[in-house]
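Coordinates from coords.cif are shown below (mmCIF, C-alpha atoms and all ligand atoms).
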data_upload
#
loop_
_atom_site.label_atom_id
_atom_site.label_comp_id
_atom_site.auth_asym_id
_atom_site.auth_seq_id
_atom_site.Cartn_x
_atom_site.Cartn_y
_atom_site.Cartn_z
CA MET A 1 18.60 17.77 -25.84
CA LYS A 2 17.46 14.26 -25.02
CA PRO A 3 13.74 13.59 -25.39
CA TRP A 4 11.49 12.82 -22.41
CA ILE A 5 10.59 9.15 -22.03
CA THR A 6 7.04 8.48 -20.83
CA LEU A 7 7.19 5.75 -18.17
CA ASP A 8 3.44 5.61 -17.53
CA THR A 9 0.21 7.54 -18.13
CA THR A 10 -3.16 7.54 -16.42
CA THR A 11 -6.51 9.30 -16.75
CA LEU A 12 -7.48 11.99 -14.22
CA PRO A 13 -11.02 12.13 -12.73
CA ASP A 14 -12.00 14.94 -15.17
CA GLY A 15 -10.77 12.88 -18.15
CA GLY A 16 -7.40 14.62 -18.52
CA THR A 17 -4.03 12.89 -18.45
CA LEU A 18 -1.38 12.51 -15.76
CA SER A 19 1.95 11.24 -16.98
CA LEU A 20 5.22 10.19 -15.38
CA GLN A 21 8.19 11.08 -17.56
CA GLN A 22 11.95 10.68 -17.27
CA ARG A 23 14.98 12.34 -18.83
CA ASP A 24 18.33 11.12 -17.50
CA GLN A 25 17.96 11.22 -13.68
CA GLU A 26 15.08 13.71 -13.66
CA LEU A 27 11.50 12.51 -13.13
CA VAL A 28 8.46 14.69 -13.82
CA LEU A 29 4.71 14.46 -13.22
CA ARG A 30 2.63 16.32 -15.82
CA ALA A 31 -1.11 17.02 -15.59
CA ASN A 32 -2.52 17.67 -19.06
CA GLY A 33 1.00 18.52 -20.22
CA VAL A 34 1.63 21.08 -17.41
CA GLU A 35 4.48 20.26 -15.02
CA LEU A 36 2.97 19.40 -11.65
CA MET A 37 6.12 18.20 -9.91
CA THR A 38 9.76 17.59 -10.79
CA SER A 39 12.45 15.72 -8.90
CA ARG A 40 14.95 18.42 -9.99
CA ALA A 41 13.77 21.04 -7.47
CA HIS A 42 11.85 20.35 -4.28
CA GLY A 43 13.07 23.00 -1.81
CA SER A 44 9.67 24.65 -1.57
CA GLU A 45 7.80 21.32 -1.19
CA ASP A 46 10.23 20.47 1.63
CA ALA A 47 9.55 23.92 3.14
CA LEU A 48 5.79 23.22 3.20
CA GLY A 49 6.47 20.07 5.27
CA GLU A 50 8.94 21.82 7.57
CA LEU A 51 7.07 25.10 8.13
CA GLY A 52 3.71 23.35 8.42
CA THR A 53 4.78 20.92 11.13
CA ALA A 54 7.20 23.07 13.20
CA PRO A 55 4.45 24.91 15.18
CA ILE A 56 2.70 21.68 16.24
CA ALA A 57 5.62 19.21 16.43
CA ALA A 58 5.90 19.41 20.24
CA ARG A 59 2.26 18.43 20.73
CA LYS A 60 1.35 14.98 22.05
CA ARG A 61 0.46 12.62 19.18
CA PRO A 62 0.10 15.35 16.54
CA ARG A 63 -2.21 14.44 13.62
CA VAL A 64 -1.26 15.83 10.22
CA LEU A 65 -3.17 15.47 6.93
CA ILE A 66 -1.19 16.00 3.71
CA GLY A 67 -2.71 16.20 0.22
CA GLY A 68 -1.32 15.00 -2.20
CA LEU A 69 1.59 12.63 -2.44
CA GLY A 70 3.30 13.74 -5.70
CA MET A 71 6.88 12.51 -5.28
CA GLY A 72 6.71 12.37 -1.48
CA PHE A 73 9.00 15.30 -0.64
CA THR A 74 6.49 17.19 1.55
CA LEU A 75 5.57 13.94 3.28
CA ARG A 76 9.27 13.21 3.94
CA ALA A 77 9.91 16.71 5.34
CA ALA A 78 6.85 16.46 7.61
CA LEU A 79 7.97 13.06 8.91
CA ASP A 80 11.45 14.42 9.58
CA GLY A 81 9.99 17.35 11.53
CA LEU A 82 7.70 15.22 13.70
CA GLY A 83 8.37 12.85 16.60
CA PRO A 84 7.82 9.10 16.83
CA ASP A 85 4.23 9.39 18.15
CA ALA A 86 2.95 11.48 15.20
CA ASP A 87 0.13 10.30 12.99
CA VAL A 88 0.55 11.41 9.37
CA ILE A 89 -2.28 10.84 6.91
CA ILE A 90 -1.39 11.18 3.25
CA SER A 91 -4.26 11.62 0.82
CA GLU A 92 -3.63 10.95 -2.87
CA LEU A 93 -6.33 11.23 -5.52
CA VAL A 94 -4.67 9.16 -8.22
CA GLU A 95 -4.12 5.46 -7.60
CA GLU A 96 -1.22 5.29 -10.07
CA VAL A 97 0.70 8.02 -8.20
CA VAL A 98 0.71 5.72 -5.17
CA ALA A 99 1.95 2.84 -7.34
CA TRP A 100 4.68 5.05 -8.85
CA ASN A 101 5.75 6.02 -5.30
CA ARG A 102 6.20 2.34 -4.57
CA GLY A 103 8.14 1.92 -7.81
CA PRO A 104 10.20 4.40 -9.87
CA LEU A 105 9.64 7.36 -7.47
CA ALA A 106 10.20 5.49 -4.18
CA HIS A 107 13.88 6.36 -3.75
CA LEU A 108 13.46 10.11 -4.32
CA ALA A 109 12.25 10.96 -0.81
CA GLY A 110 13.57 7.84 0.92
CA ASN A 111 10.44 5.62 0.76
CA PRO A 112 8.22 7.75 3.02
CA LEU A 113 5.19 5.46 2.49
CA ASP A 114 7.04 2.75 4.43
CA ASP A 115 7.21 4.89 7.60
CA PRO A 116 4.98 3.29 10.30
CA ARG A 117 3.58 6.73 11.22
CA VAL A 118 1.99 7.06 7.76
CA THR A 119 -1.60 6.15 6.87
CA LEU A 120 -2.42 6.28 3.18
CA LEU A 121 -5.93 7.42 2.23
CA GLN A 122 -6.48 7.02 -1.46
CA GLY A 123 -9.00 9.61 -2.60
CA ASP A 124 -9.86 13.28 -2.58
CA VAL A 125 -8.34 15.28 0.30
CA THR A 126 -11.44 17.52 0.27
CA ARG A 127 -13.53 14.61 1.55
CA HIS A 128 -11.00 13.78 4.27
CA ILE A 129 -10.98 17.40 5.50
CA ALA A 130 -14.77 17.47 5.66
CA ARG A 131 -14.77 14.39 7.94
CA GLN A 132 -12.29 15.74 10.52
CA GLU A 133 -14.13 17.92 13.03
CA THR A 134 -11.47 19.66 15.23
CA ARG A 135 -9.15 16.69 14.98
CA LEU A 136 -6.19 17.74 12.87
CA ASP A 137 -3.16 19.66 14.10
CA ALA A 138 -2.10 20.49 10.55
CA ILE A 139 -3.43 20.25 6.99
CA LEU A 140 -0.77 20.67 4.29
CA LEU A 141 -2.02 21.13 0.74
CA ASP A 142 -0.02 20.79 -2.45
CA VAL A 143 -2.50 19.30 -4.90
CA ASP A 144 -2.33 21.85 -7.75
CA ASN A 145 0.15 24.55 -8.73
CA GLY A 146 -1.37 26.98 -6.23
CA PRO A 147 -4.80 27.92 -4.87
CA GLU A 148 -6.43 27.28 -8.23
CA ALA A 149 -7.62 23.92 -9.63
CA LEU A 150 -5.23 22.17 -12.02
CA THR A 151 -5.30 18.42 -11.37
CA ALA A 152 -9.09 18.24 -10.91
CA GLN A 153 -11.78 20.91 -11.30
CA ALA A 154 -13.27 19.90 -7.93
CA ASN A 155 -10.09 21.14 -6.23
CA GLU A 156 -11.43 24.68 -6.72
CA GLY A 157 -13.60 23.93 -3.67
CA LEU A 158 -10.52 23.70 -1.43
CA TYR A 159 -9.50 27.32 -1.87
CA GLY A 160 -12.80 29.19 -1.78
CA GLU A 161 -14.62 30.53 1.30
CA LYS A 162 -16.44 27.26 1.99
CA GLY A 163 -13.29 25.16 1.58
CA LEU A 164 -11.35 27.38 3.99
CA GLU A 165 -14.23 27.27 6.47
CA ARG A 166 -14.13 23.44 6.34
CA ALA A 167 -10.35 23.45 6.88
CA PHE A 168 -10.73 25.88 9.82
CA HIS A 169 -13.23 23.56 11.53
CA ALA A 170 -11.14 20.46 10.88
CA LEU A 171 -8.21 21.98 12.80
CA THR A 172 -7.57 22.02 16.53
CA PRO A 173 -7.03 25.50 18.07
CA GLY A 174 -3.52 26.62 17.10
CA GLY A 175 -3.63 24.17 14.19
CA ILE A 176 -1.99 24.96 10.84
CA LEU A 177 -3.26 25.10 7.28
CA GLY A 178 -0.25 25.15 4.91
CA VAL A 179 -0.70 25.74 1.19
CA TRP A 180 1.95 25.60 -1.55
CA SER A 181 1.81 27.83 -4.62
CA VAL A 182 4.00 28.49 -7.64
CA SER A 183 3.43 32.23 -7.07
CA ASP A 184 1.73 34.74 -4.76
CA ASP A 185 -2.03 35.20 -4.78
CA GLN A 186 -3.21 38.19 -2.77
CA ALA A 187 -6.89 37.32 -3.12
CA PHE A 188 -6.16 33.96 -1.47
CA SER A 189 -4.37 35.72 1.44
CA ARG A 190 -7.48 37.87 1.89
CA ARG A 191 -9.78 34.83 1.86
CA LEU A 192 -7.62 33.12 4.50
CA LYS A 193 -7.87 36.18 6.75
CA LYS A 194 -11.62 36.41 6.16
CA ALA A 195 -11.87 32.77 7.26
CA ARG A 196 -10.27 33.94 10.58
CA PHE A 197 -6.81 32.43 10.01
CA GLN A 198 -3.67 34.24 11.21
CA VAL A 199 -1.66 34.31 8.01
CA LYS A 200 2.08 34.22 7.29
CA ARG A 201 3.42 34.12 3.73
CA HIS A 202 6.81 32.51 3.14
CA SER A 203 8.71 33.11 -0.07
CA VAL A 204 10.84 29.99 -0.48
CA ARG A 205 13.40 28.87 -3.05
CA ALA A 206 12.64 25.98 -5.36
CA ALA A 207 16.27 24.89 -5.30
CA GLY A 208 19.57 26.18 -3.96
CA GLU A 209 20.18 29.83 -3.11
CA ARG A 210 19.47 31.28 -6.51
CA GLY A 211 16.51 29.20 -7.67
CA ARG A 212 13.03 30.46 -8.45
CA ARG A 213 10.86 31.48 -5.52
CA HIS A 214 7.53 29.87 -4.66
CA LEU A 215 5.02 30.77 -1.96
CA VAL A 216 3.95 28.84 1.12
CA TRP A 217 1.08 30.12 3.25
CA ILE A 218 1.17 29.07 6.89
CA ALA A 219 -2.27 29.94 8.25
CA ARG A 220 -2.97 29.32 11.94
CA ARG A 221 -6.35 28.74 13.51
CA PRO A 222 -6.26 31.05 16.55
C1 LIG A 301 2.22 18.95 -7.04
S1 LIG A 301 1.98 17.27 -6.65
C2 LIG A 301 2.46 17.20 -4.95
C3 LIG A 301 3.93 17.29 -4.77
C4 LIG A 301 4.35 16.93 -3.35
N1 LIG A 301 4.17 18.06 -2.45
C5 LIG A 301 5.80 16.49 -3.31
O1 LIG A 301 6.51 16.91 -2.38
O2 LIG A 301 6.23 15.72 -4.16
C6 LIG A 301 0.22 17.20 -6.52
C7 LIG A 301 -0.32 15.83 -6.11
O3 LIG A 301 -1.63 16.00 -5.59
C8 LIG A 301 -2.49 14.98 -6.09
N2 LIG A 301 -3.86 15.49 -6.00
C9 LIG A 301 -4.47 16.37 -6.84
N3 LIG A 301 -5.70 16.66 -6.40
C10 LIG A 301 -5.88 15.95 -5.24
C11 LIG A 301 -6.94 15.85 -4.32
N4 LIG A 301 -8.07 16.53 -4.48
N5 LIG A 301 -6.79 15.01 -3.26
C12 LIG A 301 -5.63 14.33 -3.08
N6 LIG A 301 -4.58 14.38 -3.94
C13 LIG A 301 -4.70 15.19 -5.00
C14 LIG A 301 -1.95 14.77 -7.50
O4 LIG A 301 -2.37 13.54 -8.04
C15 LIG A 301 -0.45 14.84 -7.26
O5 LIG A 301 0.06 13.59 -6.88
#

File written out as structure tokens:
Amino acid sequence: MKPWITLDTTTLPDGGTLSLQQRDQELVLRANGVELMTSRAHGSEDALGELGTAPIAARKRPRVLIGGLGMGFTLRAALDGLGPDADVIISELVEEVVAWNRGPLAHLAGNPLDDPRVTLLQGDVTRHIARQETRLDAILLDVDNGPEALTAQANEGLYGEKGLERAFHALTPGGILGVWSVSDDQAFSRRLKKARFQVKRHSVRAAGERGRRHLVWIARRP
């Protein structure tokens, strides 16, 4: 098997490493050696964008916050599900990921950063959620491999009781919190319900009809 070629590497806020690697046509992001995102399979990342925007797409000027950018598939799916008056804020912690999305990753999801509906906020999505009092129609989170910190230890704060409370208050009534995960996490479902969200769990394929299944929570603020 051909070896992976490292195209670029950067240091994460906690001192770990994020690398962009390529083998033939496949591109991969790895955080501390663990695969964070691959271009090979993005069905479930697309599903987060589709399922998370469908309930609010008919609203006037819907505002959607997505964290993080990765390879741009969730952002692309959200843009495709929303109308021309939507306002889509993409928050990405790592400056180099943005640069890679303007370079070797740009073509993967059809250059979503160039869409005029997109505002890029470089930085921690946690901070952006905390600033948005009842102003967002959807918050879509795919920053780790599930509701557990991987890219940065501080991400733990997104998935606990306080983080869910902040997300609840940032949303408009009927607004959606969508969260991607590599696998199910029943404790997280319970925390969402405790935070007063109406919760639906979607088991979605990573790729094709036979691929691995991942989980997307679509939690609605009543
Ligand atoms: C799994 S990838 C996202 C994949 C993306 N859904 C896609 O469709 O390609 C996770 C991304 O979240 C970013 N990230 C991690 N923690 C973050 C945070 N606290 N705020 C914003 N972005 C973050 C990472 O740098 C990485 O680009």

Do you have, as JSON lines, the list of residues of chain A lying at most 6 Å from ligand LIG 301 (chain A), each with its nearest atom pair and that distance in Å to one decimal, counting all atoms listed in the file and ordered by chain then number?
{"residue": "A:Leu36", "atom": "CA", "partner": "A:LIG301", "partner_atom": "C1", "distance": 4.7}
{"residue": "A:Met37", "atom": "CA", "partner": "A:LIG301", "partner_atom": "C1", "distance": 4.9}
{"residue": "A:Glu45", "atom": "CA", "partner": "A:LIG301", "partner_atom": "O1", "distance": 4.7}
{"residue": "A:Gly67", "atom": "CA", "partner": "A:LIG301", "partner_atom": "C12", "distance": 4.8}
{"residue": "A:Gly68", "atom": "CA", "partner": "A:LIG301", "partner_atom": "O3", "distance": 3.5}
{"residue": "A:Leu69", "atom": "CA", "partner": "A:LIG301", "partner_atom": "O5", "distance": 4.8}
{"residue": "A:Gly70", "atom": "CA", "partner": "A:LIG301", "partner_atom": "O5", "distance": 3.5}
{"residue": "A:Met71", "atom": "CA", "partner": "A:LIG301", "partner_atom": "O2", "distance": 3.5}
{"residue": "A:Gly72", "atom": "CA", "partner": "A:LIG301", "partner_atom": "O2", "distance": 4.3}
{"residue": "A:Phe73", "atom": "CA", "partner": "A:LIG301", "partner_atom": "O1", "distance": 3.4}
{"residue": "A:Thr74", "atom": "CA", "partner": "A:LIG301", "partner_atom": "O1", "distance": 3.9}
{"residue": "A:Ser91", "atom": "CA", "partner": "A:LIG301", "partner_atom": "C12", "distance": 4.9}
{"residue": "A:Glu92", "atom": "CA", "partner": "A:LIG301", "partner_atom": "N6", "distance": 3.7}
{"residue": "A:Leu93", "atom": "CA", "partner": "A:LIG301", "partner_atom": "N6", "distance": 3.9}
{"residue": "A:Val94", "atom": "CA", "partner": "A:LIG301", "partner_atom": "O4", "distance": 5.0}
{"residue": "A:Val97", "atom": "CA", "partner": "A:LIG301", "partner_atom": "O5", "distance": 5.8}
{"residue": "A:Gly123", "atom": "CA", "partner": "A:LIG301", "partner_atom": "C12", "distance": 5.8}
{"residue": "A:Asp124", "atom": "CA", "partner": "A:LIG301", "partner_atom": "N5", "distance": 3.6}
{"residue": "A:Val125", "atom": "CA", "partner": "A:LIG301", "partner_atom": "N5", "distance": 3.9}
{"residue": "A:Thr126", "atom": "CA", "partner": "A:LIG301", "partner_atom": "N4", "distance": 5.9}
{"residue": "A:Asp142", "atom": "CA", "partner": "A:LIG301", "partner_atom": "N1", "distance": 5.0}
{"residue": "A:Val143", "atom": "CA", "partner": "A:LIG301", "partner_atom": "O3", "distance": 3.5}
{"residue": "A:Asp144", "atom": "CA", "partner": "A:LIG301", "partner_atom": "C1", "distance": 5.4}
{"residue": "A:Thr151", "atom": "CA", "partner": "A:LIG301", "partner_atom": "C9", "distance": 5.0}
{"residue": "A:Ala152", "atom": "CA", "partner": "A:LIG301", "partner_atom": "N3", "distance": 5.9}
{"residue": "A:Asn155", "atom": "CA", "partner": "A:LIG301", "partner_atom": "N4", "distance": 5.3}

Find the residues around A:Phe197 up to 6 Å (all atoms listed in the file counted), leave out those fewer than 3 positions away in its own chain, and share them as JSON, numbers by chain.
{"A": [192, 193, 219, 220, 221]}

Report the distance between atom CA of A:Pro222 and atom CA of A:Asp184 in Å, rounded to one decimal place.
23.1 Å

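Between A:Leu7 and the candidates A:Ala41, A:Asp87, A:Leu164, A:Glu96, the tightest atom-to-atom separation, counting all atoms listed in the file, involves A:Glu96.
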
Counting only C-alpha atoms, what is within 10 Å of A:Gly208, bar same-chain residues fewer than 4 positions away, as a PyMOL selection string?
chain A and resi 41-43+212

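Closest approach to A:Leu48 among A:Ala154, A:Ala77, A:Val88, A:Leu20 is made by A:Ala77 (distances from all atoms listed in the file).
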
Residue neighbourhood A:Arg102, 9 Å, only C-alpha atoms, exclusion window fewer than 5 positions, as JSON, numbers by chain
{"A": [97, 107, 111, 113]}

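The smallest atom-to-atom distance between A:Val216 and any of A:Pro116, A:Gly49, A:Gly103, A:Gly157, using only C-alpha atoms, is found for A:Gly49.
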
Interatomic distance, atom CA of A:Asp46 to atom CA of A:Val204 (Å, one decimal)
9.8 Å

So that I can check the surroundings of A:Glu148, please list as number ranges by chain every protein, DNA and RNA residue that reaches within 10 Å of it, counting only C-alpha atoms and ignoring chain neighbours fewer than 6 positions away.
A: 155-160, 181, 185, 188

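For the choices A:Gln25, A:Thr11, A:Ser19, A:Thr172, the atom-to-atom distance to A:Glu133 is smallest for A:Thr172 when using only C-alpha atoms.
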
I need the residue nearest A:Ala149 from this list: A:Asp114, A:Gly178, A:Ala31, A:Gly83. Use all atoms listed in the file for the distance.
A:Ala31

Please list as an MDAnalysis selection string every residue within 7 Å of A:Ile89, counting all atoms listed in the file and excluding residues in the same chain fewer than 5 positions away.
chainID A and resid 64:66 118:121

File dump, residues just selected, C-alpha atoms, as a CSV table (one decimal), in the coordinates of the input:
chain,number,residue,atom,x,y,z
A,64,VAL,CA,-1.3,15.8,10.2
A,65,LEU,CA,-3.2,15.5,6.9
A,66,ILE,CA,-1.2,16.0,3.7
A,118,VAL,CA,2.0,7.1,7.8
A,119,THR,CA,-1.6,6.2,6.9
A,120,LEU,CA,-2.4,6.3,3.2
A,121,LEU,CA,-5.9,7.4,2.2

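Counting from atom CA of A:His169, the distance to atom CA of A:Arg59 is 18.7 Å.
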
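Remark: for A:Leu27, the closest of the candidate residues A:Leu215, A:Pro84, A:Trp100, A:Leu105 is A:Leu105 (distances computed over only C-alpha atoms).
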
Listed atoms of stretch 172-188 of chain A boxed axis-aligned with 4 Å per side, centre + edges as JSON:
{"center_x": -1.8, "center_y": 30.1, "center_z": 5.2, "size_x": 19.6, "size_y": 24.2, "size_z": 33.7}
